[in-house]
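Visitor: Sharing run-v9.cif here; it has mmCIF, C-alpha atoms.
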data_query
#
loop_
_atom_site.group_PDB
_atom_site.id
_atom_site.type_symbol
_atom_site.label_atom_id
_atom_site.label_comp_id
_atom_site.auth_asym_id
_atom_site.auth_seq_id
_atom_site.Cartn_x
_atom_site.Cartn_y
_atom_site.Cartn_z
ATOM 1 C CA MET A 574 -2.877 22.082 10.992
ATOM 2 C CA PHE A 575 -4.150 18.506 10.779
ATOM 3 C CA LYS A 576 -4.920 17.045 14.184
ATOM 4 C CA ILE A 577 -4.180 13.406 15.066
ATOM 5 C CA VAL A 578 -7.376 12.032 16.634
ATOM 6 C CA ARG A 579 -6.369 8.371 16.986
ATOM 7 C CA LYS A 580 -3.112 6.470 17.187
ATOM 8 C CA SER A 581 -2.594 2.716 17.345
ATOM 9 C CA VAL A 582 0.673 0.759 17.285
ATOM 10 C CA LEU A 583 0.030 -2.274 15.044
ATOM 11 C CA ASN A 584 3.425 -3.902 15.582
ATOM 12 C CA SER A 585 6.963 -2.902 16.530
ATOM 13 C CA SER A 586 7.514 -0.950 13.305
ATOM 14 C CA VAL A 587 4.026 -0.140 11.961
ATOM 15 C CA THR A 588 1.707 2.567 13.285
ATOM 16 C CA LEU A 589 -1.838 3.640 12.420
ATOM 17 C CA MET A 590 -3.017 7.239 12.710
ATOM 18 C CA GLU A 591 -6.408 8.803 12.073
ATOM 19 C CA ILE A 592 -6.083 12.453 11.103
ATOM 20 C CA GLU A 593 -8.560 15.306 10.753
ATOM 21 C CA ALA A 594 -8.509 16.287 7.077
ATOM 22 C CA PRO A 595 -12.126 16.985 6.047
ATOM 23 C CA PHE A 596 -11.447 18.189 2.510
ATOM 24 C CA VAL A 597 -9.271 15.153 1.768
ATOM 25 C CA ALA A 598 -11.777 12.771 3.358
ATOM 26 C CA LYS A 599 -14.591 14.270 1.273
ATOM 27 C CA LYS A 600 -12.918 13.301 -2.032
ATOM 28 C CA ALA A 601 -10.712 10.313 -1.131
ATOM 29 C CA GLN A 602 -11.138 7.002 -2.946
ATOM 30 C CA ALA A 603 -9.391 3.629 -2.699
ATOM 31 C CA GLY A 604 -5.940 3.661 -4.287
ATOM 32 C CA GLN A 605 -5.213 7.352 -3.720
ATOM 33 C CA PHE A 606 -2.539 8.857 -1.488
ATOM 34 C CA ILE A 607 -1.528 11.981 0.399
ATOM 35 C CA ILE A 608 1.747 13.846 0.847
ATOM 36 C CA PHE A 609 2.374 15.170 4.349
ATOM 37 C CA ARG A 610 4.883 17.345 6.193
ATOM 38 C CA ILE A 611 5.261 17.221 9.944
ATOM 39 C CA ASP A 612 6.588 20.770 10.197
ATOM 40 C CA GLU A 613 7.985 23.548 8.012
ATOM 41 C CA LYS A 614 11.450 21.989 7.957
ATOM 42 C CA GLY A 615 10.193 18.474 7.267
ATOM 43 C CA GLU A 616 10.471 16.466 4.067
ATOM 44 C CA ARG A 617 7.409 15.699 1.942
ATOM 45 C CA VAL A 618 6.422 12.056 2.319
ATOM 46 C CA PRO A 619 3.748 10.194 0.321
ATOM 47 C CA LEU A 620 1.474 7.687 2.079
ATOM 48 C CA THR A 621 -1.513 5.784 0.768
ATOM 49 C CA ILE A 622 -4.871 6.600 2.335
ATOM 50 C CA ALA A 623 -5.684 3.422 4.263
ATOM 51 C CA ASP A 624 -9.245 4.478 5.086
ATOM 52 C CA TYR A 625 -11.457 7.555 5.298
ATOM 53 C CA ASP A 626 -14.546 8.716 7.156
ATOM 54 C CA ARG A 627 -16.423 11.370 5.215
ATOM 55 C CA GLU A 628 -18.923 12.012 8.030
ATOM 56 C CA ASN A 629 -16.243 12.692 10.648
ATOM 57 C CA GLY A 630 -13.836 14.300 8.157
ATOM 58 C CA THR A 631 -10.898 12.019 8.902
ATOM 59 C CA ILE A 632 -8.446 9.892 6.956
ATOM 60 C CA THR A 633 -6.377 6.970 8.191
ATOM 61 C CA ILE A 634 -2.720 6.372 7.368
ATOM 62 C CA ILE A 635 -0.632 3.321 8.205
ATOM 63 C CA PHE A 636 3.130 3.653 7.987
ATOM 64 C CA GLN A 637 6.292 1.705 8.656
ATOM 65 C CA ILE A 638 9.161 3.320 10.541
ATOM 66 C CA VAL A 639 11.956 3.280 7.960
ATOM 67 C CA GLY A 640 13.652 6.664 8.247
ATOM 68 C CA LYS A 641 13.941 9.922 10.152
ATOM 69 C CA THR A 642 10.555 11.361 9.171
ATOM 70 C CA THR A 643 8.499 8.239 9.848
ATOM 71 C CA GLU A 644 10.353 7.806 13.141
ATOM 72 C CA LYS A 645 9.487 11.384 14.073
ATOM 73 C CA LEU A 646 5.878 10.848 12.981
ATOM 74 C CA SER A 647 5.619 7.736 15.149
ATOM 75 C CA MET A 648 6.553 9.810 18.193
ATOM 76 C CA LEU A 649 3.533 12.096 17.770
ATOM 77 C CA ASN A 650 0.415 11.321 19.786
ATOM 78 C CA GLU A 651 -3.306 12.007 19.800
ATOM 79 C CA GLY A 652 -3.827 15.754 19.998
ATOM 80 C CA ASP A 653 -0.630 16.566 18.094
ATOM 81 C CA ALA A 654 -0.899 17.849 14.535
ATOM 82 C CA LEU A 655 0.783 17.729 11.123
ATOM 83 C CA LEU A 656 1.560 20.952 9.302
ATOM 84 C CA ASP A 657 0.538 19.810 5.797
ATOM 85 C CA VAL A 658 -1.634 17.073 4.318
ATOM 86 C CA ALA A 659 -2.077 17.403 0.549
ATOM 87 C CA GLY A 660 -4.464 15.138 -1.311
ATOM 88 C CA PRO A 661 -6.132 13.036 -2.390
ATOM 89 C CA LEU A 662 -3.516 12.433 -5.077
ATOM 90 C CA GLY A 663 -3.258 9.818 -7.796
ATOM 91 C CA ILE A 664 -5.920 7.995 -9.767
ATOM 92 C CA PRO A 665 -8.390 5.820 -7.822
ATOM 93 C CA THR A 666 -8.323 2.075 -8.410
ATOM 94 C CA HIS A 667 -10.588 1.052 -11.272
ATOM 95 C CA ILE A 668 -11.994 -2.412 -11.889
ATOM 96 C CA ALA A 669 -14.092 -3.300 -14.943
ATOM 97 C CA GLU A 670 -17.774 -2.749 -14.218
ATOM 98 C CA ASP A 671 -18.666 -6.317 -15.180
ATOM 99 C CA ALA A 672 -16.150 -7.834 -12.730
ATOM 100 C CA LYS A 673 -17.754 -10.097 -10.139
ATOM 101 C CA LYS A 674 -14.901 -11.858 -8.340
ATOM 102 C CA VAL A 675 -11.575 -10.276 -7.408
ATOM 103 C CA CYS A 676 -8.542 -11.397 -5.425
ATOM 104 C CA VAL A 677 -6.738 -8.719 -3.404
ATOM 105 C CA ILE A 678 -3.207 -9.650 -2.348
ATOM 106 C CA GLY A 679 -1.183 -7.775 0.257
ATOM 107 C CA GLY A 680 2.384 -8.365 1.327
ATOM 108 C CA GLY A 681 3.673 -7.055 4.673
ATOM 109 C CA VAL A 682 2.958 -3.380 5.229
ATOM 110 C CA GLY A 683 1.480 -3.376 1.704
ATOM 111 C CA CYS A 684 -1.618 -4.799 3.398
ATOM 112 C CA ALA A 685 -2.291 -1.251 4.593
ATOM 113 C CA ILE A 686 -2.849 -0.317 0.947
ATOM 114 C CA ALA A 687 -4.615 -3.553 0.046
ATOM 115 C CA TYR A 688 -7.205 -3.081 2.789
ATOM 116 C CA PRO A 689 -9.017 -0.032 1.323
ATOM 117 C CA GLN A 690 -9.036 -1.775 -2.065
ATOM 118 C CA ALA A 691 -10.705 -4.867 -0.619
ATOM 119 C CA LYS A 692 -13.127 -2.784 1.440
ATOM 120 C CA SER A 693 -14.179 -0.623 -1.507
ATOM 121 C CA LEU A 694 -14.802 -3.594 -3.813
ATOM 122 C CA PHE A 695 -16.633 -5.568 -1.113
ATOM 123 C CA GLU A 696 -18.928 -2.615 -0.386
ATOM 124 C CA LYS A 697 -19.732 -2.420 -4.110
ATOM 125 C CA GLY A 698 -21.037 -5.970 -3.970
ATOM 126 C CA LEU A 699 -18.129 -7.867 -5.516
ATOM 127 C CA GLU A 700 -16.993 -11.223 -4.218
ATOM 128 C CA VAL A 701 -13.561 -10.520 -2.753
ATOM 129 C CA ASP A 702 -10.879 -13.005 -1.751
ATOM 130 C CA VAL A 703 -7.956 -11.648 0.260
ATOM 131 C CA ILE A 704 -4.519 -13.253 0.479
ATOM 132 C CA ALA A 705 -2.256 -11.564 3.040
ATOM 133 C CA GLY A 706 1.383 -12.533 3.484
ATOM 134 C CA PHE A 707 3.849 -11.754 6.274
ATOM 135 C CA ARG A 708 7.279 -13.018 7.301
ATOM 136 C CA SER A 709 5.982 -14.185 10.683
ATOM 137 C CA LYS A 710 3.065 -13.993 13.118
ATOM 138 C CA ASP A 711 4.476 -11.075 15.136
ATOM 139 C CA ILE A 712 4.145 -8.581 12.285
ATOM 140 C CA VAL A 713 0.630 -9.454 11.091
ATOM 141 C CA ILE A 714 -1.607 -6.377 10.720
ATOM 142 C CA LEU A 715 -5.283 -5.761 9.892
ATOM 143 C CA GLU A 716 -6.352 -9.408 10.049
ATOM 144 C CA ASP A 717 -9.666 -8.639 11.768
ATOM 145 C CA GLU A 718 -10.358 -5.728 9.435
ATOM 146 C CA PHE A 719 -9.740 -7.851 6.332
ATOM 147 C CA ARG A 720 -12.030 -10.638 7.532
ATOM 148 C CA LYS A 721 -14.936 -8.174 7.637
ATOM 149 C CA VAL A 722 -14.531 -7.071 4.005
ATOM 150 C CA CYS A 723 -13.972 -10.283 2.095
ATOM 151 C CA SER A 724 -15.586 -13.573 1.215
ATOM 152 C CA GLU A 725 -12.446 -15.632 1.817
ATOM 153 C CA PHE A 726 -9.372 -14.659 3.847
ATOM 154 C CA ILE A 727 -6.118 -16.570 3.459
ATOM 155 C CA LEU A 728 -3.235 -15.734 5.781
ATOM 156 C CA CYS A 729 0.278 -16.807 4.774
ATOM 157 C CA SER A 730 3.589 -16.633 6.606
ATOM 158 C CA ASP A 731 7.088 -17.361 5.368
ATOM 159 C CA ASP A 732 7.995 -19.331 8.497
ATOM 160 C CA GLY A 733 4.641 -21.050 9.068
ATOM 161 C CA SER A 734 4.064 -19.322 12.425
ATOM 162 C CA CYS A 735 0.527 -18.377 11.334
ATOM 163 C CA GLY A 736 -1.861 -19.353 8.567
ATOM 164 C CA LYS A 737 -0.481 -21.285 5.610
ATOM 165 C CA LYS A 738 3.273 -21.680 5.366
ATOM 166 C CA GLY A 739 4.564 -20.231 2.118
ATOM 167 C CA PHE A 740 4.253 -17.223 -0.133
ATOM 168 C CA VAL A 741 1.145 -15.427 -1.360
ATOM 169 C CA THR A 742 1.974 -16.620 -4.876
ATOM 170 C CA ASP A 743 1.668 -20.241 -3.706
ATOM 171 C CA ALA A 744 -1.776 -19.586 -2.243
ATOM 172 C CA LEU A 745 -2.898 -17.702 -5.362
ATOM 173 C CA LYS A 746 -1.805 -20.461 -7.745
ATOM 174 C CA GLU A 747 -3.463 -23.055 -5.537
ATOM 175 C CA ARG A 748 -6.746 -21.118 -5.715
ATOM 176 C CA ILE A 749 -6.579 -20.695 -9.484
ATOM 177 C CA ASP A 750 -5.620 -24.315 -10.121
ATOM 178 C CA SER A 751 -8.493 -25.485 -7.915
ATOM 179 C CA GLY A 752 -10.917 -23.870 -10.353
ATOM 180 C CA VAL A 753 -11.523 -20.467 -8.743
ATOM 181 C CA LYS A 754 -12.012 -17.925 -11.527
ATOM 182 C CA TYR A 755 -10.982 -14.333 -10.886
ATOM 183 C CA ASP A 756 -11.940 -11.412 -13.099
ATOM 184 C CA ALA A 757 -9.001 -9.450 -11.685
ATOM 185 C CA VAL A 758 -6.179 -9.641 -9.173
ATOM 186 C CA ILE A 759 -4.866 -6.640 -7.240
ATOM 187 C CA ALA A 760 -1.365 -7.052 -5.775
ATOM 188 C CA ILE A 761 0.257 -4.608 -3.366
ATOM 189 C CA GLY A 762 3.500 -5.104 -1.487
ATOM 190 C CA PRO A 763 7.228 -5.495 -2.073
ATOM 191 C CA VAL A 764 8.152 -5.129 -5.739
ATOM 192 C CA PRO A 765 9.476 -8.717 -6.077
ATOM 193 C CA MET A 766 6.184 -10.024 -4.671
ATOM 194 C CA MET A 767 4.140 -8.036 -7.181
ATOM 195 C CA LYS A 768 6.405 -9.197 -10.003
ATOM 196 C CA PHE A 769 5.904 -12.857 -9.174
ATOM 197 C CA VAL A 770 2.151 -12.466 -8.645
ATOM 198 C CA CYS A 771 2.041 -11.153 -12.212
ATOM 199 C CA LYS A 772 4.056 -14.143 -13.404
ATOM 200 C CA VAL A 773 1.463 -16.432 -11.790
ATOM 201 C CA THR A 774 -1.556 -14.706 -13.357
ATOM 202 C CA GLU A 775 -0.148 -14.017 -16.829
ATOM 203 C CA PRO A 776 -0.489 -17.573 -18.228
ATOM 204 C CA TYR A 777 -4.154 -17.569 -17.182
ATOM 205 C CA GLY A 778 -4.857 -14.185 -18.770
ATOM 206 C CA ILE A 779 -6.099 -12.687 -15.497
ATOM 207 C CA LYS A 780 -6.004 -8.894 -15.426
ATOM 208 C CA THR A 781 -3.569 -7.916 -12.687
ATOM 209 C CA ILE A 782 -3.298 -4.461 -11.130
ATOM 210 C CA VAL A 783 -0.290 -3.428 -9.052
ATOM 211 C CA SER A 784 0.184 -0.331 -6.889
ATOM 212 C CA LEU A 785 3.704 1.008 -7.385
ATOM 213 C CA ASN A 786 5.853 2.836 -4.851
ATOM 214 C CA PRO A 787 8.830 4.375 -6.678
ATOM 215 C CA ILE A 788 10.831 7.217 -5.189
ATOM 216 C CA MET A 789 8.579 10.289 -5.193
ATOM 217 C CA VAL A 790 9.344 13.944 -4.503
ATOM 218 C CA ASP A 791 6.647 16.440 -5.498
ATOM 219 C CA GLY A 792 3.669 14.205 -6.317
ATOM 220 C CA THR A 793 2.541 16.352 -9.266
ATOM 221 C CA GLY A 794 4.482 14.805 -12.151
ATOM 222 C CA MET A 795 6.979 17.662 -12.373
ATOM 223 C CA CYS A 796 10.130 16.172 -10.819
ATOM 224 C CA GLY A 797 10.138 12.862 -12.708
ATOM 225 C CA GLY A 798 11.429 10.981 -9.686
ATOM 226 C CA CYS A 799 8.604 8.424 -9.720
ATOM 227 C CA ARG A 800 8.859 7.498 -13.397
ATOM 228 C CA VAL A 801 8.276 3.889 -14.316
ATOM 229 C CA THR A 802 8.184 2.038 -17.611
ATOM 230 C CA VAL A 803 4.819 0.513 -18.432
ATOM 231 C CA GLY A 804 4.218 -1.124 -21.781
ATOM 232 C CA GLY A 805 7.449 0.411 -23.077
ATOM 233 C CA GLU A 806 6.300 3.942 -22.216
ATOM 234 C CA THR A 807 7.383 6.264 -19.417
ATOM 235 C CA LYS A 808 4.676 6.837 -16.828
ATOM 236 C CA TYR A 809 4.644 8.748 -13.550
ATOM 237 C CA ALA A 810 3.267 6.937 -10.517
ATOM 238 C CA CYS A 811 2.021 10.140 -8.890
ATOM 239 C CA VAL A 812 -0.262 11.286 -11.733
ATOM 240 C CA ASP A 813 -0.646 8.252 -14.029
ATOM 241 C CA GLY A 814 -0.898 5.779 -11.137
ATOM 242 C CA PRO A 815 -0.111 4.530 -8.603
ATOM 243 C CA ASP A 816 -2.076 1.600 -10.132
ATOM 244 C CA PHE A 817 -0.833 0.021 -13.347
ATOM 245 C CA ASP A 818 -1.331 -3.107 -15.436
ATOM 246 C CA GLY A 819 1.152 -5.446 -13.778
ATOM 247 C CA HIS A 820 1.765 -7.422 -16.956
ATOM 248 C CA GLN A 821 3.104 -4.256 -18.596
ATOM 249 C CA VAL A 822 5.394 -3.015 -15.787
ATOM 250 C CA ASP A 823 9.173 -3.247 -16.131
ATOM 251 C CA PHE A 824 9.752 -4.568 -12.606
ATOM 252 C CA ASP A 825 13.497 -5.062 -13.035
ATOM 253 C CA GLU A 826 13.961 -1.384 -13.866
ATOM 254 C CA LEU A 827 11.699 -0.404 -10.964
ATOM 255 C CA MET A 828 13.722 -2.483 -8.493
ATOM 256 C CA LYS A 829 16.948 -0.939 -9.771
ATOM 257 C CA ARG A 830 15.596 2.607 -9.418
ATOM 258 C CA ASN A 831 14.223 1.916 -5.935
ATOM 259 C CA SER A 832 17.666 0.784 -4.791
ATOM 260 C CA THR A 833 19.340 4.044 -5.878
ATOM 261 C CA TYR A 834 19.702 5.324 -2.301
ATOM 262 C CA ARG A 835 20.054 1.976 -0.567
ATOM 263 C CA GLY A 836 23.568 2.805 0.574
ATOM 264 C CA GLN A 837 22.425 6.008 2.237
ATOM 265 C CA GLU A 838 19.446 4.218 3.803
ATOM 266 C CA HIS A 839 21.782 1.579 5.221
ATOM 267 C CA ASP A 840 24.121 4.242 6.628
ATOM 268 C CA CYS A 841 21.129 6.030 8.187
ATOM 269 C CA ARG A 842 19.994 2.848 9.941
ATOM 270 C CA MET A 843 23.523 2.090 11.106
ATOM 271 C CA MET A 844 23.864 5.524 12.667
ATOM 272 C CA LYS A 845 20.465 5.093 14.326
ATOM 273 C CA ASN A 846 21.537 1.787 15.840
ATOM 274 C CA LEU A 847 24.727 3.324 17.180
ATOM 275 C CA LYS A 848 22.883 5.999 19.133
#
Take the structure in the file and write it out as C-alpha cells.

Guide:
Amino acid sequence: MFKIVRKSVLNSSVTLMEIEAPFVAKKAQAGQFIIFRIDEKGERVPLTIADYDRENGTITIIFQIVGKTTEKLSMLNEGDALLDVAGPLGIPTHIAEDAKKVCVIGGGVGCAIAYPQAKSLFEKGLEVDVIAGFRSKDIVILEDEFRKVCSEFILCSDDGSCGKKGFVTDALKERIDSGVKYDAVIAIGPVPMMKFVCKVTEPYGIKTIVSLNPIMVDGTGMCGGCRVTVGGETKYACVDGPDFDGHQVDFDELMKRNSTYRGQEHDCRMMKNLK
C-alpha cells in the first residue's frame, strides 16, 4: 500500500498528492511517470511524477478530475492509501549537454509536468525561462513554485485576467523575436498548444521537445494503445517517450486518436451532472 502523506487542492478540478513510494522516489527523474490503481477493481491510470523527495521516499502527483477514477482519487485524504504505484516509467527528459538556455512552456494542467522539467534543468545550472498559460486566473497552479526554479517567469491567460493576455505561443514568439536565443524549448500541455509551439520554433531551428499523452493501457509497450507517429515511424509513448522531437510528431493523427472515446467521455460527464 502507498500512503498519502499530503493533499492540497490547487483549484476546483486539480489536486496535488504526495505519496509514500520510496523505491519509485529513489529512481525517479524529470519526465517520467507512474501507473497507479486505487484498489483491486480499479483501472490503471498513468500520471507524470510532478516531484520527488528521495530522502523522505515520496513522490508528488498532480491530477485533474476528468473521470471516475480521478474523481475517486480526489476523495481520498491524508492517511489513505493506493493499492498500486508502478514506476518510474518512461525515458527521462534529455537536453543536450552543451545547452545553456532553455524555455519550458506549460499549458493548463500540463504545468504539473512542466514544473519538474524546469526544476531539474534549473538545478543543473541552466538558465531557464518559463511560460505558463491558463484560460483564466482562477485555474492558475504552481506559480510560486515556478518562480523559484527559473530565471524569467511569464504568466499568460486567454482572457487577460492575470499576466499577459494571449497564448503561450504569442509570448514565446515575442521572446525569440526580441533576440532571446534558446538552445531548446520544452512544451507540455494540450496537443494543439504543443503543435503550435512547434510551428513557432521550427522556422528558427530551435530544438523542441514535447511530452505526449496518448491513450495508454499497460505502460509497457505491449498493448499498442499509446502509439504515435514520429518522423514517419511508429513509436510508443510509454517506452519510447513520453518525450519526443516535436518537429517530427504527427499531431493531427495524435489529436484524432485522442478523440476516439470522446463520445463516451461526454456521456460520462453528462451522467455525472445529472446525479

Visitor: Residues within 7 Å of range 747-759 of chain A, please, as a ChimeraX atom specification. Count all atoms listed in the file; anything in the same chain fewer than 5 positions from it doesn't count.

Guide: /A:672-678,779-783

Visitor: Apply the PyMOL selection byres ((chain A and resi 812-822) around 8) to the displayed file and report the matching residues as a PyMOL selection string.

Guide: chain A and resi 604-605+662-666+767-768+771-772+775+780-786+792-794+801-805+808-811+823-824

Visitor: Expand the PyMOL selection byres ((chain A and resi 586-597) around 7) into the explicit residue set it covers here, and present it as a PyMOL selection string.

Guide: chain A and resi 575-585+598-601+630-638+647+660-661

Visitor: Pull C-alpha atoms from the residues just selected and write them as a compact mmCIF listing (two decimals), keeping the file's coordinate frame.

Guide:
# COMPACT_ATOMS: atom_id res chain seq x y z
CA PHE A 575 -4.15 18.51 10.78
CA LYS A 576 -4.92 17.05 14.18
CA ILE A 577 -4.18 13.41 15.07
CA VAL A 578 -7.38 12.03 16.63
CA ARG A 579 -6.37 8.37 16.99
CA LYS A 580 -3.11 6.47 17.19
CA SER A 581 -2.59 2.72 17.34
CA VAL A 582 0.67 0.76 17.28
CA LEU A 583 0.03 -2.27 15.04
CA ASN A 584 3.42 -3.90 15.58
CA SER A 585 6.96 -2.90 16.53
CA ALA A 598 -11.78 12.77 3.36
CA LYS A 599 -14.59 14.27 1.27
CA LYS A 600 -12.92 13.30 -2.03
CA ALA A 601 -10.71 10.31 -1.13
CA GLY A 630 -13.84 14.30 8.16
CA THR A 631 -10.90 12.02 8.90
CA ILE A 632 -8.45 9.89 6.96
CA THR A 633 -6.38 6.97 8.19
CA ILE A 634 -2.72 6.37 7.37
CA ILE A 635 -0.63 3.32 8.20
CA PHE A 636 3.13 3.65 7.99
CA GLN A 637 6.29 1.70 8.66
CA ILE A 638 9.16 3.32 10.54
CA SER A 647 5.62 7.74 15.15
CA GLY A 660 -4.46 15.14 -1.31
CA PRO A 661 -6.13 13.04 -2.39

Visitor: Distance CA of Val639 in chain A-CA of Cys735 in chain A, one decimal place?

Guide: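 For CA of Val639 in chain A relative to CA of Cys735 in chain A, the distance reads 24.7 Å.
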
Visitor: Residues at most 9 Å from Phe609 in chain A, counting only C-alpha atoms, excluding those fewer than 4 positions away in the same chain, as number ranges by chain?

Guide: A: 615-620, 655-660

Visitor: Using only C-alpha atoms, give me every residue within 6 Å of (2.7, -14.9, 4.0) in file coordinates, as a PDB file with C-alpha atoms, keeping the file's coordinate frame.

Guide:
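Saved to point_25.pdb:
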ATOM      1  CA  GLY A 706       1.383 -12.533   3.484  1.00  0.00           C
ATOM      2  CA  PHE A 707       3.849 -11.754   6.274  1.00  0.00           C
ATOM      3  CA  ARG A 708       7.279 -13.018   7.301  1.00  0.00           C
ATOM      4  CA  CYS A 729       0.278 -16.807   4.774  1.00  0.00           C
ATOM      5  CA  SER A 730       3.589 -16.633   6.606  1.00  0.00           C
ATOM      6  CA  ASP A 731       7.088 -17.361   5.368  1.00  0.00           C
ATOM      7  CA  GLY A 739       4.564 -20.231   2.118  1.00  0.00           C
ATOM      8  CA  PHE A 740       4.253 -17.223  -0.133  1.00  0.00           C
ATOM      9  CA  VAL A 741       1.145 -15.427  -1.360  1.00  0.00           C
TER      10      VAL A 741
END

Visitor: Fewer than 4 positions away in the same chain doesn't count, so skip those; otherwise give me all residues within 9 Å of Gly798 in chain A, counting all atoms listed in the file, as a count of residues only.

Guide: 7

Visitor: State, in Å with one decimal place, the distance from CA of Gly683 in chain A to CA of Ile714 in chain A.

Guide: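 The value is 10.0 Å.
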
Visitor: Please evaluate the PyMOL selection byres ((chain A and resi 734) around 6) against the structure above and give the resulting residues as a list in words.

Guide: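 Selection result, ordered by chain and number: Ser709, Lys710, Asp732, Gly733 and Cys735 of chain A.
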
Visitor: Only C-alpha atoms, please: the residues just picked out, written as a CSV table (one decimal), in the frame of the given file.

Guide:
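Saved file selection08.csv follows:
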chain,number,residue,atom,x,y,z
A,709,SER,CA,6.0,-14.2,10.7
A,710,LYS,CA,3.1,-14.0,13.1
A,732,ASP,CA,8.0,-19.3,8.5
A,733,GLY,CA,4.6,-21.0,9.1
A,735,CYS,CA,0.5,-18.4,11.3

Visitor: CA of Glu644 in chain A and CA of Ala603 in chain A, how far apart in Å?

Guide: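 About the pair CA of Ala603 in chain A and CA of Glu644 in chain A: they are 25.7 Å apart.
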
Visitor: For Ala691 in chain A, please output as a list in words all residues within 8 Å (counting only C-alpha atoms; exclusion window: fewer than 6 positions along the same chain).

Guide: Val677, Val701, Val703, Phe719, Val722 and Cys723 of chain A
